[in-house]
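What follows is a single structure, written as C-alpha cells, with notes after it.
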Amino acid sequence: MIDKALIPIAGRATRLLPVSSVVPKAMFPLAAGGAVRTVLHWICAEAASAGIRHVGVVASPRQQEMCEAYFAAAREAGADDLPAHIEYIRQPRPAGFGDAVARGSGFVGADTHGFLLLLGDHVHAADPECEPCAAQVARAFAERRPAAMVGVQAVGPEELSRVGSAGGEPVGGRVYRCRAFVEKPSPPDARRRLATPGIGEDRFLAHCGIYAFTGEIFDCLADLARATRPGGRELQLADAQSLLLERHREDYYLLHVRGRSWDMGTPAGYARAFAALSGTGG
C-alpha cells in the first residue's frame with residue numbers, strides 16, 4: 001500500500017479574503033465528531049486512515065510556522081489520528097499547483113508504491129459503512145498498479161466551471177478507464193466529450209481532491225516546466241495530468257468514490273462543509 005502523501009497548501013486563497021490574508025485556509029477551523037480541528041488536520045487524518053505514515057506538506061515559510069505550532073499543540077492535547085511523520089516542503093511563493101506538486105518529488109523519491117496527492121482545500125466524508133475516501137483510492141491503486149487512480153464524484157452541469165472533469169469507460173467496481181480529461185469544461189463541451197455510462201443523465205465525473213500517482217507524474221511536470229517556464233506561465237497539474245493520460249491511455253483510471261467531497265476554497269464550500277461535518281446541515 002501507499003505510504004506517502006503530498007498535501008499542497010501554499011495557494012493564495014483569494015476567494016477567502018480578507019480572512020485568508022491572516023489565517024491560511026488550511027488553518028481554518030472545522031467542527032466534527034465533537035471536536036474542533038483545522039482543515040489540514042482533517043486532511044492529515046484522512047491520509048492516516050489510508051495507511052499513510054509520511055506526509056509532506058507543501059507550504060510557504062509563514063504557513064509552515066503556523067502548521068508546526070498547531071500540530072505540536074494537537075499532539076500535546078492527545079490527537080491520535082495523525083500520520084506518524086509530518087514534514088514540510090518549502091514553496092516560497094505560489095507558482096501554480098503543478099509547481100507545488102513538483103516540489104514534492106524529493107520527498108516521494110523512488111518509492112515504487114506511488115503516493116497520494118490530497119488537495120489542501122478539500123475535505124471528505126465516506127458513505128456509511130464505507131472506508132474513508134482516501135483509503136478507497138489507495139486500495140484501488142494498489143490493486144491495479146496503474147499510472148494514476150484519481151478519485152471522482154458525480155456532479156451536475158452547474159458545478160463544471162469549478163472542477164476538472166473526466167470521461168471514462170467502466171471496467172468494474174466503480175472504476176473507469178479515463179478516456180478524456182478537461183479542466184473546468186463548459187456544459188456543452190462536457191456533454192460532447194465527457195459522457196460516462198452508468199452515472200446518470202447529465203451527470204459527470206469530477207475530481208474530488210484525491211489522486212494516486214506513480215513518480216511518472218513528476219517526469220510530466222519536469223517536461224512541462226522546460227517547455228513553459230521561459231514564457232513565465234505557472235506550472236499546472238492539469239497539464240501534467242493530460243500529458244500522463246496521453247502517455248498511458250490504457251493505464252490511467254478513475255474511481256467513483258463512495259462519499260462526498262467539499263471544496264473549502266470558497267465561502268459557500270466552507271459553509272457547506274462546516275454544516276455537514278458538524279451535524280448542523282449539509
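Within each chain, counting starts at residue 1; across the C-alpha cells, chains are named A, B, ... in the order shown, with ligands numbered 1 upward in that order.
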Using only C-alpha atoms, which protein or nucleic acid residues come within 12 Å of range 187-202 of chain A? Drop anything in the same chain fewer than 2 positions from it, and give the result as a PyMOL selection string. chain A and resi 152-172+174-185+204-206+254+256
Long-range neighbours of His124 in chain A as number ranges by chain, 7 Å cut-off, only C-alpha atoms, 6 positions minimum in chain: A: 133, 260-262
Keeping C-alpha atoms, export the residues of the selection given above as a tab-separated table (two decimals), in the first residue's frame.
chain	number	residue	atom	x	y	z
A	133	CYS	CA	-12.45	8.11	0.70
A	260	ARG	CA	-18.74	13.28	-0.50
A	261	SER	CA	-16.14	15.97	-1.01
A	262	TRP	CA	-16.33	19.66	-0.13
Which range 56-121 of chain A residues have any atom within 10 Å of an atom of range 139-143 of chain A, and for each, what is the nearest pair of atoms with distance in Å to one decimal, counting only C-alpha atoms, rows sorted by chain and number, as CSV?
residue,atom,partner,partner_atom,distance
A:His113,CA,A:Ala142,CA,7.8
A:Gly114,CA,A:Phe141,CA,8.7
A:Phe115,CA,A:Phe141,CA,9.6
A:Leu116,CA,A:Phe141,CA,9.7
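For the residues A:Glu65, A:His122, A:Val22, A:Leu243, ranking by smallest atom-to-atom distance to Cys44 in chain A using only C-alpha atoms places A:His122 first.
Residues within 8 Å of Pro61 in chain A, counting only C-alpha atoms and excluding same-chain residues fewer than 5 positions away, are Arg90, Gln91 and Pro92 of chain A.
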Selection export as an mmCIF file, in the first residue's frame, atoms kept: C-alpha atoms:
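Writing done, so here's out-v8.cif:
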data_model
loop_
_atom_site.group_PDB
_atom_site.id
_atom_site.type_symbol
_atom_site.label_atom_id
_atom_site.label_comp_id
_atom_site.auth_asym_id
_atom_site.auth_seq_id
_atom_site.Cartn_x
_atom_site.Cartn_y
_atom_site.Cartn_z
ATOM 1 C CA ARG A 90 9.016 24.984 1.082
ATOM 2 C CA GLN A 91 7.223 26.811 -1.717
ATOM 3 C CA PRO A 92 8.371 30.425 -1.214
#
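Minimum distance to Asp127 in chain A across A:Arg258, A:His54, A:Arg15, A:Arg37 (counting only C-alpha atoms) occurs at A:Arg258.
Ranking A:Ala238, A:Ala102, A:Ile210, A:Val39 by their shortest atom-to-atom distance to Ala222 in chain A, with only C-alpha atoms included, puts A:Ala102 first.
Taking CA of Arg93 in chain A and CA of Ala48 in chain A as the two end points, the separation is 27.8 Å.
The smallest atom-to-atom distance between Pro267 in chain A and any of A:Thr14, A:Gly109, A:Asp223, A:Ala5, using only C-alpha atoms, is found for A:Thr14.
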How would you write, as a ChimeraX atom specification, the set of residues in range 6-190 of chain A that DSSP gives as helix (DSSP H, G or I)? /A:14-16,19-21,25-27,39-49,61-76,97-102,105-108,133-144,157-162,187-190
DSSP says strand (DSSP E) for which residues of range 97-197 of chain A? Put them as a count of residues only? 35
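Put simply, CA of Ile9 in chain A is 7.0 Å away from CA of Val57 in chain A.
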So that I can check the surroundings of Leu221 in chain A, please list as an MDAnalysis selection string every protein, DNA and RNA residue that reaches within 9 Å of it, counting only C-alpha atoms and ignoring chain neighbours fewer than 6 positions away. chainID A and resid 98:99 101:102 235:237 239:241 243
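Taking CA of Arg12 in chain A as the reference point, CA of Pro94 in chain A is found at 7.1 Å.
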Within 8 Å of Ala273 in chain A using only C-alpha atoms, minus same-chain residues under 6 positions, as a PDB file with N, CA and C atoms, in the first residue's frame:
ATOM      1  N   VAL A 123     -12.089  18.505   1.875  1.00  0.00           N
ATOM      2  CA  VAL A 123     -12.306  17.534   2.940  1.00  0.00           C
ATOM      3  C   VAL A 123     -13.365  16.551   2.473  1.00  0.00           C
ATOM      4  N   TRP A 262     -15.984  18.237  -0.180  1.00  0.00           N
ATOM      5  CA  TRP A 262     -16.329  19.657  -0.133  1.00  0.00           C
ATOM      6  C   TRP A 262     -15.092  20.477  -0.441  1.00  0.00           C
ATOM      7  N   ASP A 263     -15.240  21.447  -1.322  1.00  0.00           N
ATOM      8  CA  ASP A 263     -14.162  22.362  -1.679  1.00  0.00           C
ATOM      9  C   ASP A 263     -14.179  23.528  -0.703  1.00  0.00           C
ATOM     10  N   MET A 264     -13.121  23.597   0.115  1.00  0.00           N
ATOM     11  CA  MET A 264     -13.054  24.622   1.141  1.00  0.00           C
ATOM     12  C   MET A 264     -12.556  25.962   0.602  1.00  0.00           C
ATOM     13  N   GLY A 282     -26.128  20.387   5.675  1.00  0.00           N
ATOM     14  CA  GLY A 282     -25.195  19.903   4.703  1.00  0.00           C
ATOM     15  C   GLY A 282     -25.585  20.120   3.296  1.00  0.00           C
TER      16      GLY A 282
END
